[in-house]
Amino acid sequence: MFGYVTPCKPELRIREWESYRATYCGLCGQLGREYGFVSRMFLNYDLVLVALMADSLAGEMGSVCRCRCIASPVRRHCILQTTGGLRLAAAAMVLLCWYKLEDDRTDERGPRALAASGLRLLLRGAWRKAAAAYPDLDAELAAQTRAQQELEAARAKSPDQAAEPTGRMCAAILGRCAPSPADRPALERLGLFLGKILYWLDAAEDLETDRQRGRYNVFLLQGMSREQAIARAQELCRMAAGEIALCYNLLPWQHSKTILDNIIFLGLAQSISRAGKPSGARSRHPEP
């Protein structure tokens, strides 16, 4: 999981930040209600965008309550209650985690492979429930996981080719946000390029770790240094961000547009500018 798709907080008004945080906390609650406590261990920011997009396009506002939770047992804070977007985002997160653990079990060795196998056992029930709710999405994520493994086994050297399965996964998820068939192509294309950006940023950040562990990294196969990999990742990401903007502006957003604008045009640009650096957005919960 990545953690790059976040808003630029200084450019959000207080009520907008509270709304974003309420959606994040709502996703945590949705995971717990539908898929059990273990699924909440994998919570991150990326799938908040899915919930916001799906609810905005559907015109579903949802209700917010102030309450305590496991992360904030003393102080009450706003939490979005169940919406269609939260259901989709929760299921997508479980499915993504399941196939990420499958990939880790294949790629890693020793204790890391054992840890991935153990976590898969704990997540099996949640995966079965999510797969039953979204069988087409589960099948697509499974197919793209296999495609990624095949590309890595073939030692693919093209950054665009290496990022394609991740892009297809994101396309499949965002395509489910479409309120009508007419909106689906723009959402899928947006997801395709967003997934590729996430892949390239992750590859740039993991370059040295992958070098030390002998793991596949498309920038390493091209003989790049860390600095060259970062520069190349940023170049690719900025071109993809232009395609994302074109698709985004085609869609009929009904609410939360200021927050979505911030994520797409400011937050993503911020993550691209920090390519190669550990993401500060990877903490489990938003700051107060």
# chains A, B, ... in the order shown; residues from 1 in each chain; ligands from 1
$ residues_around --residues "Tyr199 (chain A)" --least-positions-apart "2" --cutoff "12 Å" --atoms "only C-alpha atoms" --output "number ranges by chain"
A: 1-4, 148, 159-170, 192-197, 201-206, 217-219, 233-234, 236-237, 240, 272, 275-276
$ atom_distance --atom1 "CA of Cys69 (chain A)" --atom2 "CA of Leu49 (chain A)"
21.7 Å
$ closest_residue --among "A:Met41, A:Ile14, A:Ala147, A:Ala245" --to "Leu119 (chain A)" --atoms "only C-alpha atoms"
A:Met41
$ residues_around --residues "Ser56 (chain A)" --least-positions-apart "2" --cutoff "9 Å" --atoms "only C-alpha atoms" --output "ChimeraX atom specification"
/A:51-54,58-61,85,252-257
$ closest_residue --among "A:Leu86, A:Cys177, A:Asp183, A:Leu151" --to "Gly29 (chain A)" --atoms "only C-alpha atoms"
A:Leu86
$ closest_residue --among "A:Ala154, A:Asp46, A:Leu190, A:Ala229" --to "Gly242 (chain A)" --atoms "only C-alpha atoms"
A:Leu190
$ select_by_dssp --residues "region 129-266 of chain A" --states "helix (DSSP H, G or I)" --output "number ranges by chain"
A: 129-133, 135-153, 159-175, 181-205, 207-213, 218-221, 226-248, 257-266
$ atom_distance --atom1 "CA of Cys247 (chain A)" --atom2 "CA of Arg232 (chain A)"
23.3 Å
$ select_by_dssp --residues "region 37-199 of chain A" --states "strand (DSSP E)" --output "JSON, numbers by chain"
{"A": [64, 65, 66, 67, 68, 69, 72, 73, 74, 75, 76, 77, 78, 79, 80]}
$ atom_distance --atom1 "CA of Asn249 (chain A)" --atom2 "CA of Arg189 (chain A)"
12.3 Å
$ closest_residue --among "A:Cys28, A:Val94, A:Ala113, A:Ala130" --to "Gln81 (chain A)" --atoms "only C-alpha atoms"
A:Cys28
